[in-house]
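Here is the structure we will look at.
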Amino acid sequence: MESIQIFGIIVAAFMIFRATYQCWKRKMKRSVFIIWSSIWFVVIVVAVLPGTTTIVAKLFGIGRGIDVVVYLSIMVMYFLGFKLYNRVEETRKEITKLVREIAYMEKKK
Amino acid sequence: MKIFIVIPAYNEENKIGKVVKELITAGYKNVVVIDDGSKDNTFKVAKSAGAITLRHVINRGQGAGLQTGITYALNNGAGIIVTYDADGQHSKNDLPAIIKPVRLGQVDAALGSRFRKTDSNTPPIRKLFLKGGALLFRIFYGVNLSDSHNGFRALSRNAAKKINITSDDMAHASEIIDEISRKNIKYVEVPVTITYTDYSLAKGQNTLNGFKILWRMLLDQLLK
Ligand SMILES: Nc1nc2c(ncn2[C@@H]2O[C@H](COP(=O)(O)OP(=O)(O)O)[C@@H](O)[C@H]2O)c(=O)[nH]1
Ligand SMILES: [Mg+2]
C-alpha cells in the first residue's frame, strides 16, 4: 500500500469520527452528517481499492480513475462555495433587518 | 403632498448640521437622517439641527440606510421621497426642479444627473468611472442614463413602495436602476450640481470601490 493511501484512510476515518461525534452532540444535522460521512466513506473505498475509480471512469467515458475524483471534487467545491455565498448573503440581510427594526423601536420610545 | 428628504449619513458630523439646517430653512420640514452606526457625533448633530433621526446600531452601508429611511417615510405618510447626500455635495437649489416632475405626476422617479449641466466640475477620473457605469446600465438593464451612482433622486410614493433595496452597500445605486427597469417605473433625468471639494473627495468613493461595485453587479446578474 502506498503512503498516500494510508494517509487518505487516516484523514477520512478522522473526518467520519469527528462528524459522528458532532452529530451525537447535536452540533451537526443528521442530513449533513449522512452526506458528509458518505463522501469520506467513498474516499476510504477509493484508498483501499484504487481500482474502483477506473470502473466508474469507464462508466462515464473518462480515461483515468483519478480524473473522476478530481472532477467530482471540483464540482462539490463549487457547490459548497455557492451554498456558502447564499448563506452569507442571507445572514447579511437578516442582520440588516434586525438593525432596521431596532432603529424603528428606538424611535418609537 | 408630504415631502420627505431621506439622508443616509456615516461619520458626517462636520457637514450634516449645515445640510439639515439648510433644508429646513428652505421649507422642507421632514428631513430624515439615518445615522448608520457612525463613530462620531453625526446622530447628535443631526438631531439638534432639527432632523428626524434614526440610528443603526452598527454600520450596514448606504443602501441599508436609504431603505430604512424610505420605509420610515412611507410609514409616516410621505407622498414624495427625496434621497440626498449628507456630505454637502448636493444643492438645495436643485430640489424644486427634481421634485417637480414627480409632483406633477409626469414620472414616478426623477434621477439627478451631474452631466446634464454645463458647469459640472467633476474630476476626469470620476467622470470616466461614472460614464462607464452609465454604459453598463444600458447593457445590463436597458436604461439610458447620462450619470450613474448619483444619490440625488425624487421618488413618488408608488415608486418608493415598488423599489426594494437589498444591496446594503454602494451597489444599491445599480439596484435602484435595475428595479426601475424591471418594474417599469417611469423616470426622467434632471440636471443637478454636485460640488466636489477636497473634503468630499477624501471621504467619497474611490475608484477601487467602483470595481467592487462592478463585480457585485456581475455577480448579482449571474446568480439571479
Ligand atoms: N448609511 C450610510 N451612509 C453612508 C455610508 N457611507 C457613505 N454614506 C453616505 O452616503 C452619501 C454619499 O457617500 P459618499 O461616500 O460621499 O459617496 P460619493 O458622493 O458617491 O463619492 C453621504 O451622505 C454619506 O454620508 C455608509 O456606510 N452608510
Ligand atoms: Mg459624496
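Just so we're on the same page: first chain in the C-alpha cells is A, next is B, and so on; residues restart at 1 for each chain, and ligands are numbered from 1 in the order they show up.
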
Expected answer as a ChimeraX atom specification: strand (DSSP E) residues in stretch 14-207 of chain B | /B:30-36,52-56,80-83,109-113,153-156,187-191

Keeping only N, CA and C atoms, write those residues as an mmCIF file, in the first residue's frame.
data_model
loop_
_atom_site.group_PDB
_atom_site.id
_atom_site.type_symbol
_atom_site.label_atom_id
_atom_site.label_comp_id
_atom_site.auth_asym_id
_atom_site.auth_seq_id
_atom_site.Cartn_x
_atom_site.Cartn_y
_atom_site.Cartn_z
ATOM 1 N N ASN B 30 -39.729 67.689 6.752
ATOM 2 C CA ASN B 30 -39.480 66.283 7.083
ATOM 3 C C ASN B 30 -38.134 65.818 6.557
ATOM 4 N N VAL B 31 -37.103 66.113 7.327
ATOM 5 C CA VAL B 31 -35.760 65.688 6.948
ATOM 6 C C VAL B 31 -35.391 64.499 7.837
ATOM 7 N N VAL B 32 -35.213 63.349 7.204
ATOM 8 C CA VAL B 32 -34.904 62.132 7.966
ATOM 9 C C VAL B 32 -33.428 61.782 7.789
ATOM 10 N N VAL B 33 -32.685 61.767 8.874
ATOM 11 C CA VAL B 33 -31.277 61.382 8.810
ATOM 12 C C VAL B 33 -31.121 59.998 9.440
ATOM 13 N N ILE B 34 -30.497 59.097 8.704
ATOM 14 C CA ILE B 34 -30.206 57.774 9.248
ATOM 15 C C ILE B 34 -28.736 57.734 9.584
ATOM 16 N N ASP B 35 -28.448 57.741 10.878
ATOM 17 C CA ASP B 35 -27.057 57.628 11.307
ATOM 18 C C ASP B 35 -26.711 56.148 11.280
ATOM 19 N N ASP B 36 -25.792 55.809 10.406
ATOM 20 C CA ASP B 36 -25.519 54.399 10.133
ATOM 21 C C ASP B 36 -24.360 53.877 10.977
ATOM 22 N N ILE B 52 -35.398 64.526 11.800
ATOM 23 C CA ILE B 52 -35.927 63.303 12.387
ATOM 24 C C ILE B 52 -34.781 62.307 12.302
ATOM 25 N N THR B 53 -34.358 61.763 13.435
ATOM 26 C CA THR B 53 -33.156 60.930 13.398
ATOM 27 C C THR B 53 -33.449 59.473 13.724
ATOM 28 N N LEU B 54 -32.877 58.618 12.900
ATOM 29 C CA LEU B 54 -32.948 57.176 13.137
ATOM 30 C C LEU B 54 -31.519 56.690 13.265
ATOM 31 N N ARG B 55 -31.339 55.615 14.042
ATOM 32 C CA ARG B 55 -29.975 55.162 14.242
ATOM 33 C C ARG B 55 -29.821 53.671 13.993
ATOM 34 N N HIS B 56 -28.860 53.328 13.176
ATOM 35 C CA HIS B 56 -28.459 51.924 13.039
ATOM 36 C C HIS B 56 -27.410 51.654 14.115
ATOM 37 N N ILE B 80 -43.904 62.167 -1.531
ATOM 38 C CA ILE B 80 -42.704 62.191 -2.362
ATOM 39 C C ILE B 80 -41.500 61.977 -1.447
ATOM 40 N N ILE B 81 -40.581 61.136 -1.903
ATOM 41 C CA ILE B 81 -39.382 60.893 -1.112
ATOM 42 C C ILE B 81 -38.150 61.297 -1.920
ATOM 43 N N VAL B 82 -37.352 62.178 -1.323
ATOM 44 C CA VAL B 82 -36.124 62.619 -1.984
ATOM 45 C C VAL B 82 -34.952 61.966 -1.269
ATOM 46 N N THR B 83 -34.004 61.401 -2.023
ATOM 47 C CA THR B 83 -32.784 60.899 -1.387
ATOM 48 C C THR B 83 -31.675 61.909 -1.628
ATOM 49 N N ALA B 109 -40.122 58.637 -10.979
ATOM 50 C CA ALA B 109 -38.769 58.777 -10.446
ATOM 51 C C ALA B 109 -38.033 59.863 -11.215
ATOM 52 N N ALA B 110 -37.437 60.796 -10.485
ATOM 53 C CA ALA B 110 -36.586 61.806 -11.115
ATOM 54 C C ALA B 110 -35.173 61.573 -10.597
ATOM 55 N N LEU B 111 -34.253 61.351 -11.533
ATOM 56 C CA LEU B 111 -32.885 60.990 -11.146
ATOM 57 C C LEU B 111 -31.931 62.127 -11.455
ATOM 58 N N GLY B 112 -31.181 62.528 -10.459
ATOM 59 C CA GLY B 112 -30.241 63.621 -10.651
ATOM 60 C C GLY B 112 -29.091 63.211 -11.551
ATOM 61 N N SER B 113 -28.710 64.110 -12.444
ATOM 62 C CA SER B 113 -27.539 63.850 -13.269
ATOM 63 C C SER B 113 -26.601 65.032 -13.237
ATOM 64 N N ARG B 153 -32.208 61.859 -5.842
ATOM 65 C CA ARG B 153 -33.358 61.358 -6.586
ATOM 66 C C ARG B 153 -34.639 61.817 -5.916
ATOM 67 N N ALA B 154 -35.711 61.867 -6.677
ATOM 68 C CA ALA B 154 -37.045 62.072 -6.107
ATOM 69 C C ALA B 154 -37.914 60.916 -6.566
ATOM 70 N N LEU B 155 -38.605 60.298 -5.615
ATOM 71 C CA LEU B 155 -39.451 59.155 -5.935
ATOM 72 C C LEU B 155 -40.883 59.430 -5.500
ATOM 73 N N SER B 156 -41.835 59.019 -6.314
ATOM 74 C CA SER B 156 -43.224 59.104 -5.890
ATOM 75 C C SER B 156 -43.447 58.024 -4.835
ATOM 76 N N TYR B 187 -39.305 57.270 -15.541
ATOM 77 C CA TYR B 187 -38.286 58.123 -14.937
ATOM 78 C C TYR B 187 -37.842 59.218 -15.894
ATOM 79 N N VAL B 188 -37.191 60.221 -15.310
ATOM 80 C CA VAL B 188 -36.594 61.282 -16.118
ATOM 81 C C VAL B 188 -35.295 61.699 -15.438
ATOM 82 N N GLU B 189 -34.351 62.177 -16.202
ATOM 83 C CA GLU B 189 -33.130 62.712 -15.605
ATOM 84 C C GLU B 189 -33.253 64.214 -15.440
ATOM 85 N N VAL B 190 -32.776 64.703 -14.321
ATOM 86 C CA VAL B 190 -32.837 66.132 -14.048
ATOM 87 C C VAL B 190 -31.421 66.609 -13.741
ATOM 88 N N PRO B 191 -30.991 67.697 -14.399
ATOM 89 C CA PRO B 191 -29.636 68.189 -14.125
ATOM 90 C C PRO B 191 -29.497 68.679 -12.691
#

Counting only C-alpha atoms, give me one row per residue of chain A with an atom at most 12 Å from an atom of chain B, showing the shortest contact pair and its distance in Å to one decimal, sorted by chain then residue number, as CSV.
residue,atom,partner,partner_atom,distance
A:Phe82,CA,B:Leu223,CA,9.4
A:Lys83,CA,B:Leu223,CA,11.6
A:Tyr85,CA,B:Leu223,CA,10.2
A:Asn86,CA,B:Leu223,CA,9.5
A:Glu89,CA,B:Ser167,CA,9.8
A:Glu90,CA,B:Thr166,CA,10.5
A:Arg92,CA,B:Asp168,CA,8.6
A:Lys93,CA,B:Thr166,CA,7.3
A:Glu94,CA,B:Thr166,CA,10.6
A:Ile95,CA,B:Arg60,CA,8.6
A:Thr96,CA,B:Arg60,CA,6.4
A:Lys97,CA,B:Ala64,CA,8.9
A:Leu98,CA,B:His56,CA,9.5
A:Val99,CA,B:His56,CA,5.7
A:Arg100,CA,B:Thr68,CA,6.0
A:Glu101,CA,B:Thr68,CA,8.8
A:Ile102,CA,B:His56,CA,7.4
A:Ala103,CA,B:Arg55,CA,5.2
A:Tyr104,CA,B:Leu54,CA,7.2
A:Met105,CA,B:Leu54,CA,9.6
A:Glu106,CA,B:Leu54,CA,7.9
A:Lys107,CA,B:Leu54,CA,6.5
A:Lys108,CA,B:Leu54,CA,10.1
A:Lys109,CA,B:Leu54,CA,11.8

Taking the backbone alone, and naming residues the way the document does, which bits of chain B are helix (DSSP H, G or I) by DSSP, as a ChimeraX atom specification?
-> /B:16-25,42-48,62-75,92-103,124-141,157-162,172-182,198-203,207-223

Counting only C-alpha atoms and all ligand atoms, what are the residues, protein, DNA or RNA alike, that approach ligand 1 to within 8 Å? I want them as a PDB file with N, CA and C atoms, in the first residue's frame.
ATOM      1  N   ILE B   7     -31.753  61.152   4.227  1.00  0.00           N
ATOM      2  CA  ILE B   7     -30.301  61.342   4.150  1.00  0.00           C
ATOM      3  C   ILE B   7     -29.568  60.255   4.935  1.00  0.00           C
ATOM      4  N   PRO B   8     -28.938  59.305   4.228  1.00  0.00           N
ATOM      5  CA  PRO B   8     -28.098  58.344   4.939  1.00  0.00           C
ATOM      6  C   PRO B   8     -26.782  59.010   5.285  1.00  0.00           C
ATOM      7  N   ALA B   9     -26.315  58.819   6.502  1.00  0.00           N
ATOM      8  CA  ALA B   9     -25.096  59.524   6.906  1.00  0.00           C
ATOM      9  C   ALA B   9     -24.176  58.612   7.681  1.00  0.00           C
ATOM     10  N   TYR B  10     -22.918  58.684   7.348  1.00  0.00           N
ATOM     11  CA  TYR B  10     -21.920  57.897   8.060  1.00  0.00           C
ATOM     12  C   TYR B  10     -20.725  58.793   8.361  1.00  0.00           C
ATOM     13  N   ASN B  11     -20.487  59.037   9.610  1.00  0.00           N
ATOM     14  CA  ASN B  11     -19.400  59.910  10.050  1.00  0.00           C
ATOM     15  C   ASN B  11     -19.412  61.258   9.329  1.00  0.00           C
ATOM     16  N   GLU B  12     -20.490  61.971   9.461  1.00  0.00           N
ATOM     17  CA  GLU B  12     -20.630  63.255   8.763  1.00  0.00           C
ATOM     18  C   GLU B  12     -20.875  64.407   9.736  1.00  0.00           C
ATOM     19  N   ILE B  34     -30.497  59.097   8.704  1.00  0.00           N
ATOM     20  CA  ILE B  34     -30.206  57.774   9.248  1.00  0.00           C
ATOM     21  C   ILE B  34     -28.736  57.734   9.584  1.00  0.00           C
ATOM     22  N   ASP B  35     -28.448  57.741  10.878  1.00  0.00           N
ATOM     23  CA  ASP B  35     -27.057  57.628  11.307  1.00  0.00           C
ATOM     24  C   ASP B  35     -26.711  56.148  11.280  1.00  0.00           C
ATOM     25  N   ASP B  36     -25.792  55.809  10.406  1.00  0.00           N
ATOM     26  CA  ASP B  36     -25.519  54.399  10.133  1.00  0.00           C
ATOM     27  C   ASP B  36     -24.360  53.877  10.977  1.00  0.00           C
ATOM     28  N   GLY B  37     -24.552  53.907  12.280  1.00  0.00           N
ATOM     29  CA  GLY B  37     -23.500  53.409  13.164  1.00  0.00           C
ATOM     30  C   GLY B  37     -22.231  54.238  13.099  1.00  0.00           C
ATOM     31  N   ASN B  59     -22.914  49.700  11.535  1.00  0.00           N
ATOM     32  CA  ASN B  59     -22.858  50.175  10.157  1.00  0.00           C
ATOM     33  C   ASN B  59     -23.332  49.101   9.194  1.00  0.00           C
ATOM     34  N   ARG B  60     -24.339  49.453   8.363  1.00  0.00           N
ATOM     35  CA  ARG B  60     -24.869  48.495   7.395  1.00  0.00           C
ATOM     36  C   ARG B  60     -24.694  48.961   5.964  1.00  0.00           C
ATOM     37  N   GLY B  61     -24.180  50.151   5.778  1.00  0.00           N
ATOM     38  CA  GLY B  61     -23.960  50.648   4.420  1.00  0.00           C
ATOM     39  C   GLY B  61     -25.042  51.603   3.946  1.00  0.00           C
ATOM     40  N   GLN B  62     -24.721  52.329   2.900  1.00  0.00           N
ATOM     41  CA  GLN B  62     -25.592  53.394   2.416  1.00  0.00           C
ATOM     42  C   GLN B  62     -26.937  52.872   1.920  1.00  0.00           C
ATOM     43  N   GLY B  63     -26.909  51.737   1.237  1.00  0.00           N
ATOM     44  CA  GLY B  63     -28.155  51.173   0.722  1.00  0.00           C
ATOM     45  C   GLY B  63     -29.114  50.814   1.846  1.00  0.00           C
ATOM     46  N   ALA B  64     -28.561  50.198   2.892  1.00  0.00           N
ATOM     47  CA  ALA B  64     -29.379  49.820   4.043  1.00  0.00           C
ATOM     48  C   ALA B  64     -29.967  51.066   4.698  1.00  0.00           C
ATOM     49  N   GLY B  65     -29.139  52.102   4.824  1.00  0.00           N
ATOM     50  CA  GLY B  65     -29.605  53.347   5.423  1.00  0.00           C
ATOM     51  C   GLY B  65     -30.747  53.957   4.629  1.00  0.00           C
ATOM     52  N   LEU B  66     -30.586  53.969   3.317  1.00  0.00           N
ATOM     53  CA  LEU B  66     -31.629  54.522   2.449  1.00  0.00           C
ATOM     54  C   LEU B  66     -32.949  53.788   2.649  1.00  0.00           C
ATOM     55  N   TYR B  84     -30.885  62.118  -0.597  1.00  0.00           N
ATOM     56  CA  TYR B  84     -29.968  63.262  -0.571  1.00  0.00           C
ATOM     57  C   TYR B  84     -28.703  62.872   0.171  1.00  0.00           C
ATOM     58  N   ASP B  85     -27.558  63.447  -0.206  1.00  0.00           N
ATOM     59  CA  ASP B  85     -26.305  63.099   0.467  1.00  0.00           C
ATOM     60  C   ASP B  85     -26.065  63.961   1.706  1.00  0.00           C
ATOM     61  N   ALA B  86     -25.351  63.369   2.656  1.00  0.00           N
ATOM     62  CA  ALA B  86     -25.101  64.049   3.922  1.00  0.00           C
ATOM     63  C   ALA B  86     -23.857  64.920   3.880  1.00  0.00           C
ATOM     64  N   ASP B  87     -23.043  64.742   2.837  1.00  0.00           N
ATOM     65  CA  ASP B  87     -21.724  65.370   2.869  1.00  0.00           C
ATOM     66  C   ASP B  87     -21.670  66.752   2.209  1.00  0.00           C
ATOM     67  N   GLY B  88     -22.832  67.317   1.918  1.00  0.00           N
ATOM     68  CA  GLY B  88     -22.864  68.673   1.381  1.00  0.00           C
ATOM     69  C   GLY B  88     -22.572  68.770  -0.102  1.00  0.00           C
ATOM     70  N   GLN B  89     -22.553  67.632  -0.788  1.00  0.00           N
ATOM     71  CA  GLN B  89     -22.250  67.668  -2.230  1.00  0.00           C
ATOM     72  C   GLN B  89     -23.462  68.070  -3.070  1.00  0.00           C
ATOM     73  N   HIS B 149     -24.728  56.271 -10.217  1.00  0.00           N
ATOM     74  CA  HIS B 149     -24.353  56.476  -8.826  1.00  0.00           C
ATOM     75  C   HIS B 149     -24.476  57.927  -8.385  1.00  0.00           C
ATOM     76  N   ASN B 150     -25.603  58.494  -8.693  1.00  0.00           N
ATOM     77  CA  ASN B 150     -25.900  59.819  -8.179  1.00  0.00           C
ATOM     78  C   ASN B 150     -26.963  59.652  -7.102  1.00  0.00           C
ATOM     79  N   GLY B 151     -26.637  60.111  -5.900  1.00  0.00           N
ATOM     80  CA  GLY B 151     -27.527  59.861  -4.764  1.00  0.00           C
ATOM     81  C   GLY B 151     -28.728  60.789  -4.687  1.00  0.00           C
ATOM     82  N   ASP B 169     -24.638  47.894   0.524  1.00  0.00           N
ATOM     83  CA  ASP B 169     -23.510  48.781   0.262  1.00  0.00           C
ATOM     84  C   ASP B 169     -23.805  49.706  -0.931  1.00  0.00           C
ATOM     85  N   MET B 170     -22.736  50.201  -1.541  1.00  0.00           N
ATOM     86  CA  MET B 170     -22.880  51.163  -2.625  1.00  0.00           C
ATOM     87  C   MET B 170     -23.551  50.559  -3.871  1.00  0.00           C
ATOM     88  N   SER B 200     -15.035  66.169   0.235  1.00  0.00           N
ATOM     89  CA  SER B 200     -15.886  65.126  -0.332  1.00  0.00           C
ATOM     90  C   SER B 200     -15.071  64.096  -1.090  1.00  0.00           C
ATOM     91  N   LEU B 201     -14.017  64.538  -1.733  1.00  0.00           N
ATOM     92  CA  LEU B 201     -13.194  63.591  -2.489  1.00  0.00           C
ATOM     93  C   LEU B 201     -12.431  62.653  -1.557  1.00  0.00           C
ATOM     94  N   LYS B 203     -13.392  61.759   1.415  1.00  0.00           N
ATOM     95  CA  LYS B 203     -14.327  60.870   2.096  1.00  0.00           C
ATOM     96  C   LYS B 203     -15.040  59.942   1.127  1.00  0.00           C
ATOM     97  N   GLY B 204     -15.219  60.432  -0.105  1.00  0.00           N
ATOM     98  CA  GLY B 204     -16.106  59.730  -1.034  1.00  0.00           C
ATOM     99  C   GLY B 204     -15.548  58.436  -1.587  1.00  0.00           C
ATOM    100  N   GLN B 205     -16.273  57.891  -2.558  1.00  0.00           N
ATOM    101  CA  GLN B 205     -15.905  56.613  -3.142  1.00  0.00           C
ATOM    102  C   GLN B 205     -14.619  56.738  -3.936  1.00  0.00           C
ATOM    103  N   ASN B 206     -13.732  55.764  -3.821  1.00  0.00           N
ATOM    104  CA  ASN B 206     -12.565  55.773  -4.681  1.00  0.00           C
ATOM    105  C   ASN B 206     -12.785  54.822  -5.854  1.00  0.00           C
TER     106      ASN B 206
END

Which residue of B:Phe4, B:Phe211, B:Phe152, B:Tyr28 approaches ligand 2 most closely, using only C-alpha atoms and all ligand atoms =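 Residue with the minimum atom-to-atom distance to ligand 2: B:Phe152.
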
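Among A:Thr91, A:Val11, A:Ser3, A:Ser73, the residue with the shortest atom-to-atom distance to A:Ile44, counting only C-alpha atoms, is A:Val11.
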
Surrounding residues of B:Leu23 excluding itself and chain neighbours under 6 positions, 10 Å, only C-alpha atoms, as a PyMOL selection string | chain B and resi 5+29-31+50-51+91-93+95

Can I get the selection written as an mmCIF file, in the first residue's frame, with N, CA and C atoms?
data_model
loop_
_atom_site.group_PDB
_atom_site.id
_atom_site.type_symbol
_atom_site.label_atom_id
_atom_site.label_comp_id
_atom_site.auth_asym_id
_atom_site.auth_seq_id
_atom_site.Cartn_x
_atom_site.Cartn_y
_atom_site.Cartn_z
ATOM 1 N N ILE B 5 -37.279 64.159 2.962
ATOM 2 C CA ILE B 5 -35.921 64.090 2.438
ATOM 3 C C ILE B 5 -35.133 63.087 3.284
ATOM 4 N N LYS B 29 -39.724 70.319 5.879
ATOM 5 C CA LYS B 29 -39.818 70.054 7.326
ATOM 6 C C LYS B 29 -39.446 68.621 7.685
ATOM 7 N N ASN B 30 -39.729 67.689 6.752
ATOM 8 C CA ASN B 30 -39.480 66.283 7.083
ATOM 9 C C ASN B 30 -38.134 65.818 6.557
ATOM 10 N N VAL B 31 -37.103 66.113 7.327
ATOM 11 C CA VAL B 31 -35.760 65.688 6.948
ATOM 12 C C VAL B 31 -35.391 64.499 7.837
ATOM 13 N N GLY B 50 -32.424 69.658 13.914
ATOM 14 C CA GLY B 50 -33.869 69.607 13.677
ATOM 15 C C GLY B 50 -34.345 68.464 12.802
ATOM 16 N N ALA B 51 -33.451 67.511 12.520
ATOM 17 C CA ALA B 51 -33.854 66.388 11.670
ATOM 18 C C ALA B 51 -34.577 65.324 12.494
ATOM 19 N N SER B 91 -27.086 70.267 -3.794
ATOM 20 C CA SER B 91 -27.507 71.640 -3.568
ATOM 21 C C SER B 91 -29.016 71.721 -3.386
ATOM 22 N N LYS B 92 -29.427 72.392 -2.328
ATOM 23 C CA LYS B 92 -30.860 72.531 -2.038
ATOM 24 C C LYS B 92 -31.580 73.263 -3.172
ATOM 25 N N ASN B 93 -30.819 74.054 -3.925
ATOM 26 C CA ASN B 93 -31.422 74.821 -5.025
ATOM 27 C C ASN B 93 -31.937 73.917 -6.140
ATOM 28 N N LEU B 95 -33.584 71.171 -5.555
ATOM 29 C CA LEU B 95 -34.760 70.438 -5.084
ATOM 30 C C LEU B 95 -36.037 70.704 -5.872
#

Using only C-alpha atoms, which residues sit within 12 Å of A:Glu2 once same-chain residues fewer than 2 positions away are excluded, as a compact mmCIF listing (two decimals) with all heavy atoms, in the first residue's frame?
# COMPACT_ATOMS: atom_id res chain seq x y z
N ILE A 4 0.26 7.40 0.44
CA ILE A 4 -0.87 8.32 0.19
C ILE A 4 -2.20 7.63 0.51
O ILE A 4 -3.12 8.25 1.01
CB ILE A 4 -0.84 8.85 -1.27
CG1 ILE A 4 -1.99 9.83 -1.56
CG2 ILE A 4 -0.92 7.71 -2.28
CD1 ILE A 4 -1.78 11.19 -1.00
N GLN A 5 -2.23 6.33 0.27
CA GLN A 5 -3.47 5.59 0.58
C GLN A 5 -3.71 5.54 2.08
O GLN A 5 -4.82 5.80 2.56
CB GLN A 5 -3.35 4.15 0.04
CG GLN A 5 -3.47 4.08 -1.48
CD GLN A 5 -3.16 2.68 -1.99
OE1 GLN A 5 -1.99 2.31 -2.14
NE2 GLN A 5 -4.19 1.91 -2.22
N ILE A 6 -2.65 5.27 2.82
CA ILE A 6 -2.77 5.22 4.28
C ILE A 6 -3.17 6.58 4.82
O ILE A 6 -4.07 6.71 5.66
CB ILE A 6 -1.42 4.76 4.91
CG1 ILE A 6 -1.15 3.31 4.47
CG2 ILE A 6 -1.46 4.86 6.42
CD1 ILE A 6 0.27 2.86 4.74
N PHE A 7 -2.53 7.59 4.26
CA PHE A 7 -2.85 8.97 4.68
C PHE A 7 -4.34 9.26 4.44
O PHE A 7 -5.04 9.81 5.29
CB PHE A 7 -1.97 9.95 3.89
CG PHE A 7 -2.22 11.39 4.22
CD1 PHE A 7 -1.86 11.90 5.46
CD2 PHE A 7 -2.84 12.25 3.30
CE1 PHE A 7 -2.08 13.22 5.77
CE2 PHE A 7 -3.06 13.56 3.61
CZ PHE A 7 -2.69 14.06 4.85
N GLY A 8 -4.81 8.88 3.26
CA GLY A 8 -6.22 9.10 2.92
C GLY A 8 -7.15 8.40 3.89
O GLY A 8 -8.14 8.98 4.35
N ILE A 9 -6.82 7.17 4.23
CA ILE A 9 -7.66 6.41 5.14
C ILE A 9 -7.72 7.08 6.52
O ILE A 9 -8.79 7.23 7.11
CB ILE A 9 -7.15 4.95 5.27
CG1 ILE A 9 -7.31 4.22 3.94
CG2 ILE A 9 -7.91 4.21 6.37
CD1 ILE A 9 -6.60 2.89 3.87
N ALA A 47 -9.34 4.63 -1.45
CA ALA A 47 -7.99 4.46 -0.93
C ALA A 47 -7.63 2.99 -0.80
O ALA A 47 -6.51 2.58 -1.12
CB ALA A 47 -7.86 5.17 0.42
N VAL A 48 -8.60 2.20 -0.36
CA VAL A 48 -8.32 0.76 -0.17
C VAL A 48 -8.29 0.04 -1.51
O VAL A 48 -7.42 -0.79 -1.77
CB VAL A 48 -9.38 0.14 0.77
CG1 VAL A 48 -9.13 -1.37 0.92
CG2 VAL A 48 -9.32 0.80 2.15
N LEU A 49 -9.26 0.36 -2.37
CA LEU A 49 -9.35 -0.30 -3.68
C LEU A 49 -9.29 0.73 -4.81
O LEU A 49 -10.32 1.13 -5.34
CB LEU A 49 -10.66 -1.09 -3.79
CG LEU A 49 -10.98 -2.07 -2.66
CD1 LEU A 49 -12.46 -2.43 -2.67
CD2 LEU A 49 -10.12 -3.31 -2.80
N PRO A 50 -8.11 1.20 -5.15
CA PRO A 50 -7.99 2.25 -6.18
C PRO A 50 -8.63 1.84 -7.51
O PRO A 50 -9.03 2.69 -8.29
CB PRO A 50 -6.48 2.43 -6.33
CG PRO A 50 -5.88 1.85 -5.11
CD PRO A 50 -6.79 0.76 -4.66

Could you tell me which of A:Ala19, A:Ile74, A:Leu84, A:Met1 comes closest to A:Ile34 if we count only C-alpha atoms?
->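 Selected residue with least distance to A:Ile34: A:Ala19.
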
Atomic distance atom CA of B:Ser148 - atom CA of B:Arg182, expressed in Å with one decimal |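 Taking atom CA of B:Ser148 and atom CA of B:Arg182, their separation equals 17.2 Å.
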
Quick one: everything within 9 Å of B:Ala134, counting only C-alpha atoms, minus sequence neighbours fewer than 3 positions away in the same chain. Send it as a list of chain:residue names.
-> B:Phe129, B:Leu130, B:Lys131, B:Phe137, B:Arg138, B:Ile139, B:Val143, B:Asn144, B:Leu145, B:Ser146, B:Asp147, B:Ser148, B:His149
